[in-house]
>>> print(open('my_file_26.cif').read())   # mmCIF, C-alpha atoms, pLDDT in the B column; chains and numbers go by the auth columns
data_coords
loop_
_atom_site.group_PDB
_atom_site.id
_atom_site.type_symbol
_atom_site.label_atom_id
_atom_site.label_comp_id
_atom_site.label_asym_id
_atom_site.label_seq_id
_atom_site.Cartn_x
_atom_site.Cartn_y
_atom_site.Cartn_z
_atom_site.B_iso_or_equiv
_atom_site.auth_seq_id
_atom_site.auth_asym_id
ATOM 1 C CA MET A 1 37.967 -17.893 9.439 47.00 1 A
ATOM 2 C CA PRO A 2 36.239 -19.599 6.480 51.00 2 A
ATOM 3 C CA ILE A 3 32.557 -20.489 6.697 48.00 3 A
ATOM 4 C CA PRO A 4 31.777 -24.194 6.047 51.00 4 A
ATOM 5 C CA ALA A 5 29.874 -24.869 2.809 45.00 5 A
ATOM 6 C CA LEU A 6 26.701 -26.040 4.576 42.00 6 A
ATOM 7 C CA ALA A 7 26.581 -22.957 6.823 38.00 7 A
ATOM 8 C CA ARG A 8 27.260 -20.696 3.823 39.00 8 A
ATOM 9 C CA GLY A 9 24.425 -22.351 1.876 37.00 9 A
ATOM 10 C CA LEU A 10 22.051 -21.965 4.808 35.00 10 A
ATOM 11 C CA LEU A 11 23.040 -18.302 5.222 32.00 11 A
ATOM 12 C CA LEU A 12 22.415 -17.635 1.503 32.00 12 A
ATOM 13 C CA ALA A 13 19.008 -19.320 1.700 33.00 13 A
ATOM 14 C CA VAL A 14 17.997 -17.179 4.695 31.00 14 A
ATOM 15 C CA VAL A 15 19.126 -13.997 2.895 30.00 15 A
ATOM 16 C CA ALA A 16 17.216 -14.990 -0.260 32.00 16 A
ATOM 17 C CA ILE A 17 14.034 -15.611 1.731 32.00 17 A
ATOM 18 C CA GLY A 18 14.456 -12.276 3.515 35.00 18 A
ATOM 19 C CA VAL A 19 14.930 -10.394 0.253 33.00 19 A
ATOM 20 C CA ALA A 20 11.930 -12.132 -1.317 35.00 20 A
ATOM 21 C CA GLY A 21 9.850 -11.203 1.719 39.00 21 A
ATOM 22 C CA CYS A 22 10.684 -7.519 1.205 43.00 22 A
ATOM 23 C CA ALA A 23 9.104 -7.415 -2.251 46.00 23 A
ATOM 24 C CA ASN A 24 5.513 -7.023 -1.103 54.00 24 A
ATOM 25 C CA THR A 25 3.466 -7.300 -4.293 55.00 25 A
ATOM 26 C CA THR A 26 -0.257 -7.784 -4.534 56.00 26 A
ATOM 27 C CA GLY A 27 -1.651 -10.800 -6.276 55.00 27 A
ATOM 28 C CA ARG A 28 -2.970 -8.528 -9.017 79.00 28 A
ATOM 29 C CA ALA A 29 -6.163 -7.298 -7.387 91.00 29 A
ATOM 30 C CA THR A 30 -9.239 -7.461 -9.597 91.00 30 A
ATOM 31 C CA ALA A 31 -11.356 -4.370 -10.180 90.00 31 A
ATOM 32 C CA GLN A 32 -14.891 -4.592 -8.755 91.00 32 A
ATOM 33 C CA GLY A 33 -17.641 -2.336 -10.042 89.00 33 A
ATOM 34 C CA ALA A 34 -17.897 -0.190 -13.146 88.00 34 A
ATOM 35 C CA ALA A 35 -15.752 2.702 -11.869 88.00 35 A
ATOM 36 C CA ALA A 36 -12.855 0.463 -10.834 90.00 36 A
ATOM 37 C CA ALA A 37 -13.096 -1.552 -14.051 87.00 37 A
ATOM 38 C CA ASN A 38 -13.004 1.671 -16.068 84.00 38 A
ATOM 39 C CA ALA A 39 -10.025 2.979 -14.081 84.00 39 A
ATOM 40 C CA ALA A 40 -8.188 -0.317 -14.486 84.00 40 A
ATOM 41 C CA THR A 41 -7.932 0.165 -18.244 82.00 41 A
ATOM 42 C CA SER A 42 -5.055 2.652 -17.854 80.00 42 A
ATOM 43 C CA ALA A 43 -2.246 2.993 -15.312 71.00 43 A
ATOM 44 C CA ASP A 44 -2.720 6.754 -15.509 83.00 44 A
ATOM 45 C CA SER A 45 -6.222 6.493 -14.011 87.00 45 A
ATOM 46 C CA LEU A 46 -4.883 6.591 -10.451 91.00 46 A
ATOM 47 C CA ALA A 47 -1.827 8.727 -11.235 92.00 47 A
ATOM 48 C CA GLN A 48 -1.335 11.881 -9.183 94.00 48 A
ATOM 49 C CA THR A 49 -3.855 10.901 -6.509 95.00 49 A
ATOM 50 C CA ARG A 50 -3.338 10.819 -2.745 97.00 50 A
ATOM 51 C CA TRP A 51 -5.464 8.709 -0.397 97.00 51 A
ATOM 52 C CA GLU A 52 -5.845 8.600 3.386 97.00 52 A
ATOM 53 C CA LEU A 53 -6.766 5.400 5.211 98.00 53 A
ATOM 54 C CA THR A 54 -9.919 6.325 7.114 97.00 54 A
ATOM 55 C CA ARG A 55 -11.491 2.978 7.999 97.00 55 A
ATOM 56 C CA TRP A 56 -10.159 -0.523 8.536 97.00 56 A
ATOM 57 C CA THR A 57 -12.653 -3.316 9.109 98.00 57 A
ATOM 58 C CA THR A 58 -11.343 -6.681 10.266 96.00 58 A
ATOM 59 C CA SER A 59 -12.669 -9.962 8.904 95.00 59 A
ATOM 60 C CA LYS A 60 -14.826 -10.159 12.070 96.00 60 A
ATOM 61 C CA GLY A 61 -16.453 -6.788 11.339 96.00 61 A
ATOM 62 C CA VAL A 62 -14.544 -4.906 14.040 96.00 62 A
ATOM 63 C CA GLN A 63 -13.227 -1.404 13.278 97.00 63 A
ATOM 64 C CA ARG A 64 -9.501 -0.997 13.912 95.00 64 A
ATOM 65 C CA THR A 65 -8.312 2.239 15.458 93.00 65 A
ATOM 66 C CA ILE A 66 -6.175 4.157 12.962 93.00 66 A
ATOM 67 C CA PRO A 67 -3.918 6.578 14.829 88.00 67 A
ATOM 68 C CA HIS A 68 -2.010 9.356 13.115 88.00 68 A
ATOM 69 C CA GLY A 69 1.767 9.553 13.289 85.00 69 A
ATOM 70 C CA ASP A 70 3.646 11.541 15.921 81.00 70 A
ATOM 71 C CA ASN A 71 3.433 14.678 13.786 84.00 71 A
ATOM 72 C CA GLY A 72 -0.271 14.146 13.070 88.00 72 A
ATOM 73 C CA GLU A 73 0.317 12.577 9.658 92.00 73 A
ATOM 74 C CA PRO A 74 -2.309 10.002 8.616 96.00 74 A
ATOM 75 C CA ILE A 75 -1.619 6.674 6.947 96.00 75 A
ATOM 76 C CA GLN A 76 -1.475 7.555 3.253 96.00 76 A
ATOM 77 C CA LEU A 77 -1.084 6.019 -0.183 96.00 77 A
ATOM 78 C CA THR A 78 -0.052 8.175 -3.145 96.00 78 A
ATOM 79 C CA PHE A 79 -0.029 7.058 -6.796 95.00 79 A
ATOM 80 C CA LEU A 80 2.437 8.928 -9.033 95.00 80 A
ATOM 81 C CA ALA A 81 3.256 8.670 -12.733 92.00 81 A
ATOM 82 C CA HIS A 82 6.092 10.292 -14.629 89.00 82 A
ATOM 83 C CA ASP A 83 7.603 9.224 -17.955 87.00 83 A
ATOM 84 C CA SER A 84 5.913 5.793 -17.899 86.00 84 A
ATOM 85 C CA GLN A 85 7.136 5.084 -14.357 91.00 85 A
ATOM 86 C CA TYR A 86 4.305 4.291 -11.977 93.00 86 A
ATOM 87 C CA ARG A 87 5.259 4.775 -8.339 94.00 87 A
ATOM 88 C CA VAL A 88 3.519 4.569 -4.976 95.00 88 A
ATOM 89 C CA ASN A 89 4.619 6.137 -1.744 96.00 89 A
ATOM 90 C CA GLY A 90 3.117 7.051 1.550 96.00 90 A
ATOM 91 C CA PHE A 91 3.221 6.986 5.301 96.00 91 A
ATOM 92 C CA SER A 92 2.478 3.676 7.035 95.00 92 A
ATOM 93 C CA GLY A 93 2.075 4.828 10.640 94.00 93 A
ATOM 94 C CA CYS A 94 5.726 5.122 11.682 94.00 94 A
ATOM 95 C CA ASN A 95 7.685 5.074 8.428 95.00 95 A
ATOM 96 C CA ARG A 96 7.538 6.213 4.836 95.00 96 A
ATOM 97 C CA TYR A 97 7.346 3.570 2.144 96.00 97 A
ATOM 98 C CA MET A 98 7.820 3.607 -1.607 95.00 98 A
ATOM 99 C CA GLY A 99 7.437 1.237 -4.498 93.00 99 A
ATOM 100 C CA SER A 100 5.638 0.841 -7.802 93.00 100 A
ATOM 101 C CA TYR A 101 2.235 -0.056 -9.157 93.00 101 A
ATOM 102 C CA LYS A 102 0.651 -1.442 -12.304 89.00 102 A
ATOM 103 C CA LEU A 103 -2.923 -0.932 -13.368 86.00 103 A
ATOM 104 C CA GLN A 104 -3.703 -2.906 -16.485 82.00 104 A
ATOM 105 C CA ALA A 105 -6.071 -5.501 -17.869 82.00 105 A
ATOM 106 C CA GLY A 106 -8.543 -4.853 -15.071 84.00 106 A
ATOM 107 C CA LYS A 107 -6.039 -5.571 -12.302 90.00 107 A
ATOM 108 C CA LEU A 108 -4.033 -3.519 -9.806 92.00 108 A
ATOM 109 C CA SER A 109 -0.710 -4.650 -8.373 91.00 109 A
ATOM 110 C CA ILE A 110 1.325 -2.736 -5.811 91.00 110 A
ATOM 111 C CA SER A 111 4.945 -3.399 -4.888 89.00 111 A
ATOM 112 C CA ALA A 112 6.186 -1.580 -1.805 76.00 112 A
ATOM 113 C CA PRO A 113 9.646 -3.057 -1.229 73.00 113 A
ATOM 114 C CA ALA A 114 11.330 -0.105 0.464 85.00 114 A
ATOM 115 C CA SER A 115 10.645 1.885 3.603 89.00 115 A
ATOM 116 C CA THR A 116 12.458 3.934 6.175 91.00 116 A
ATOM 117 C CA ARG A 117 13.314 2.107 9.384 90.00 117 A
ATOM 118 C CA MET A 118 12.293 4.444 12.188 89.00 118 A
ATOM 119 C CA ALA A 119 11.269 2.805 15.441 89.00 119 A
ATOM 120 C CA CYS A 120 7.575 2.990 16.237 91.00 120 A
ATOM 121 C CA PRO A 121 6.700 4.682 19.548 89.00 121 A
ATOM 122 C CA SER A 122 4.601 1.706 20.672 91.00 122 A
ATOM 123 C CA PRO A 123 4.181 -1.996 19.901 93.00 123 A
ATOM 124 C CA GLU A 124 0.558 -1.317 18.858 93.00 124 A
ATOM 125 C CA ARG A 125 1.648 1.220 16.238 93.00 125 A
ATOM 126 C CA ALA A 126 4.387 -1.134 15.010 93.00 126 A
ATOM 127 C CA ARG A 127 1.783 -3.901 14.634 94.00 127 A
ATOM 128 C CA LEU A 128 -0.584 -1.587 12.724 94.00 128 A
ATOM 129 C CA GLU A 129 2.209 -0.570 10.359 94.00 129 A
ATOM 130 C CA ALA A 130 3.242 -4.180 9.737 94.00 130 A
ATOM 131 C CA ASP A 131 -0.396 -5.178 9.159 95.00 131 A
ATOM 132 C CA TYR A 132 -0.935 -2.262 6.744 95.00 132 A
ATOM 133 C CA LEU A 133 2.106 -3.116 4.622 93.00 133 A
ATOM 134 C CA LYS A 134 1.086 -6.783 4.650 92.00 134 A
ATOM 135 C CA ALA A 135 -2.449 -5.813 3.590 93.00 135 A
ATOM 136 C CA LEU A 136 -1.079 -3.857 0.609 91.00 136 A
ATOM 137 C CA ALA A 137 0.616 -7.078 -0.460 88.00 137 A
ATOM 138 C CA ASP A 138 -2.604 -9.107 -0.091 90.00 138 A
ATOM 139 C CA ILE A 139 -5.154 -6.988 -1.961 94.00 139 A
ATOM 140 C CA ARG A 140 -7.555 -9.231 -3.869 95.00 140 A
ATOM 141 C CA THR A 141 -10.117 -6.718 -5.163 96.00 141 A
ATOM 142 C CA PHE A 142 -10.481 -2.953 -5.229 95.00 142 A
ATOM 143 C CA THR A 143 -13.381 -0.565 -5.761 95.00 143 A
ATOM 144 C CA LEU A 144 -13.763 3.117 -6.606 94.00 144 A
ATOM 145 C CA ASP A 145 -16.876 5.245 -6.146 92.00 145 A
ATOM 146 C CA SER A 146 -16.705 6.881 -9.598 83.00 146 A
ATOM 147 C CA GLY A 147 -14.604 6.600 -12.699 68.00 147 A
ATOM 148 C CA SER A 148 -13.937 10.253 -13.547 75.00 148 A
ATOM 149 C CA ALA A 149 -12.934 11.771 -10.189 84.00 149 A
ATOM 150 C CA PRO A 150 -13.147 9.092 -7.500 91.00 150 A
ATOM 151 C CA ARG A 151 -13.269 10.181 -3.862 94.00 151 A
ATOM 152 C CA HIS A 152 -13.412 6.739 -2.216 97.00 152 A
ATOM 153 C CA LEU A 153 -11.106 3.731 -2.736 96.00 153 A
ATOM 154 C CA SER A 154 -11.503 0.357 -1.013 97.00 154 A
ATOM 155 C CA PHE A 155 -9.133 -2.587 -0.878 96.00 155 A
ATOM 156 C CA ASN A 156 -10.535 -6.003 -0.043 96.00 156 A
ATOM 157 C CA VAL A 157 -7.742 -8.083 1.436 95.00 157 A
ATOM 158 C CA ARG A 158 -7.375 -11.836 1.085 91.00 158 A
ATOM 159 C CA ASP A 159 -8.133 -12.505 4.775 90.00 159 A
ATOM 160 C CA GLY A 160 -11.475 -10.637 4.565 95.00 160 A
ATOM 161 C CA GLU A 161 -10.320 -7.281 5.892 97.00 161 A
ATOM 162 C CA VAL A 162 -11.386 -4.070 4.131 98.00 162 A
ATOM 163 C CA LEU A 163 -9.271 -0.919 3.967 97.00 163 A
ATOM 164 C CA GLU A 164 -11.143 2.233 2.992 98.00 164 A
ATOM 165 C CA PHE A 165 -9.429 5.361 1.747 98.00 165 A
ATOM 166 C CA VAL A 166 -10.694 8.881 1.101 97.00 166 A
ATOM 167 C CA ARG A 167 -9.057 11.018 -1.537 96.00 167 A
ATOM 168 C CA ARG A 168 -7.106 13.980 -0.211 96.00 168 A
ATOM 169 C CA GLN A 169 -5.342 16.875 -1.925 94.00 169 A
ATOM 170 C CA ASP A 170 -3.593 15.417 -4.951 92.00 170 A
ATOM 171 C CA PRO A 171 0.160 15.811 -5.336 91.00 171 A
ATOM 172 C CA PRO A 172 1.399 18.218 -8.022 85.00 172 A
ATOM 173 C CA THR A 173 1.757 16.907 -11.560 80.00 173 A
ATOM 174 C CA PRO A 174 5.433 16.495 -12.487 74.00 174 A
ATOM 175 C CA GLN A 175 6.755 18.906 -15.089 67.00 175 A
#
>>> encode(input="my_file_26.cif", output="structure tokens")
Amino acid sequence: MPIPALARGLLLAVVAIGVAGCANTTGRATAQGAAAANAATSADSLAQTRWELTRWTTSKGVQRTIPHGDNGEPIQLTFLAHDSQYRVNGFSGCNRYMGSYKLQAGKLSISAPASTRMACPSPERARLEADYLKALADIRTFTLDSGSAPRHLSFNVRDGEVLEFVRRQDPPTPQ
């Protein structure tokens, strides 16, 4: 049975909006502080680093609880570089996500358009995961505690929330 032209147009518009919504990209977050500004001069500055989300402060100053996954895995963000390809991946509370990043001209942008689609064990965990992925797309500024071997990374999100990460064991360097 053929689909009428108006319905087909509406269906295409909904699909286009859905696909655009999947491409979560930051608005090119600006580096704050000397260490972040120094790191933002080269995409390789964050390459081969792994970070764990350890603190999440809401715009009202309240600390969000950050549970680990069912297997004890924390929410993580990993920056990888290989042959001029700059990738991010991690665990968002229920699922794994992957995408790309750019760090140039003093700005950081993260695109995390793909993730697995496992069901979260609770609505609270599902909400945390959705909020985390949304926050990655809304980073406005970022800070690092030192330029040479940073141990602390913070993302300041557009709505006033702050996500704080601590550096964990770095992934192996690709051969």
>>> residues_around(input="my_file_26.cif", residues="Asn95 of chain A", least_positions_apart="4", cutoff="12 Å", atoms="all atoms listed in the file", output="PyMOL selection string")
chain A and resi 68-71+73-76+89-91+114-121+125-126+128-130+132-133
>>> write_last_selection(input="my_file_26.cif", atoms="C-alpha atoms", output="PDB file, in the frame of the given file")
ATOM      1  CA  HIS A  68      -2.010   9.356  13.115  1.00 88.00           C
ATOM      2  CA  GLY A  69       1.767   9.553  13.289  1.00 85.00           C
ATOM      3  CA  ASP A  70       3.646  11.541  15.921  1.00 81.00           C
ATOM      4  CA  ASN A  71       3.433  14.678  13.786  1.00 84.00           C
ATOM      5  CA  GLU A  73       0.317  12.577   9.658  1.00 92.00           C
ATOM      6  CA  PRO A  74      -2.309  10.002   8.616  1.00 96.00           C
ATOM      7  CA  ILE A  75      -1.619   6.674   6.947  1.00 96.00           C
ATOM      8  CA  GLN A  76      -1.475   7.555   3.253  1.00 96.00           C
ATOM      9  CA  ASN A  89       4.619   6.137  -1.744  1.00 96.00           C
ATOM     10  CA  GLY A  90       3.117   7.051   1.550  1.00 96.00           C
ATOM     11  CA  PHE A  91       3.221   6.986   5.301  1.00 96.00           C
ATOM     12  CA  ALA A 114      11.330  -0.105   0.464  1.00 85.00           C
ATOM     13  CA  SER A 115      10.645   1.885   3.603  1.00 89.00           C
ATOM     14  CA  THR A 116      12.458   3.934   6.175  1.00 91.00           C
ATOM     15  CA  ARG A 117      13.314   2.107   9.384  1.00 90.00           C
ATOM     16  CA  MET A 118      12.293   4.444  12.188  1.00 89.00           C
ATOM     17  CA  ALA A 119      11.269   2.805  15.441  1.00 89.00           C
ATOM     18  CA  CYS A 120       7.575   2.990  16.237  1.00 91.00           C
ATOM     19  CA  PRO A 121       6.700   4.682  19.548  1.00 89.00           C
ATOM     20  CA  ARG A 125       1.648   1.220  16.238  1.00 93.00           C
ATOM     21  CA  ALA A 126       4.387  -1.134  15.010  1.00 93.00           C
ATOM     22  CA  LEU A 128      -0.584  -1.587  12.724  1.00 94.00           C
ATOM     23  CA  GLU A 129       2.209  -0.570  10.359  1.00 94.00           C
ATOM     24  CA  ALA A 130       3.242  -4.180   9.737  1.00 94.00           C
ATOM     25  CA  TYR A 132      -0.935  -2.262   6.744  1.00 95.00           C
ATOM     26  CA  LEU A 133       2.106  -3.116   4.622  1.00 93.00           C
TER      27      LEU A 133
END
>>> resolve_selection(input="my_file_26.cif", expression="the PyMOL selection byres ((chain A and resi 154) around 9)", output="JSON, numbers by chain")
{"A": [141, 142, 143, 144, 145, 152, 153, 155, 156, 162, 163, 164, 165, 166]}
>>> atom_distance(input="my_file_26.cif", atom1="atom CA of Cys94 of chain A", atom2="atom CA of Arg50 of chain A")
18.0 Å
>>> atom_distance(input="my_file_26.cif", atom1="atom CA of Leu136 of chain A", atom2="atom CA of Ile110 of chain A")
6.9 Å
>>> atom_distance(input="my_file_26.cif", atom1="atom CA of Ala43 of chain A", atom2="atom CA of Lys102 of chain A")
6.1 Å
>>> closest_residue(input="my_file_26.cif", among="A:Gly160, A:Gly106, A:Pro113, A:Pro150", to="Val62 of chain A", atoms="only C-alpha atoms")
A:Gly160
>>> closest_residue(input="my_file_26.cif", among="A:Ser109, A:Ala36, A:Leu77, A:Thr41", to="Leu53 of chain A", atoms="all atoms listed in the file")
A:Leu77
>>> residues_around(input="my_file_26.cif", residues="Asp170 of chain A", least_positions_apart="5", cutoff="9 Å", atoms="all atoms listed in the file", output="list in words")
Gln48, Thr49, Arg50, Trp51 and Thr78 of chain A
>>> closest_residue(input="my_file_26.cif", among="A:Tyr86, A:Tyr101, A:Phe79, A:Trp56", to="Pro172 of chain A", atoms="only C-alpha atoms")
A:Phe79
>>> closest_residue(input="my_file_26.cif", among="A:Gln85, A:Arg96, A:Pro171, A:Ala29", to="Ala135 of chain A", atoms="only C-alpha atoms")
A:Ala29
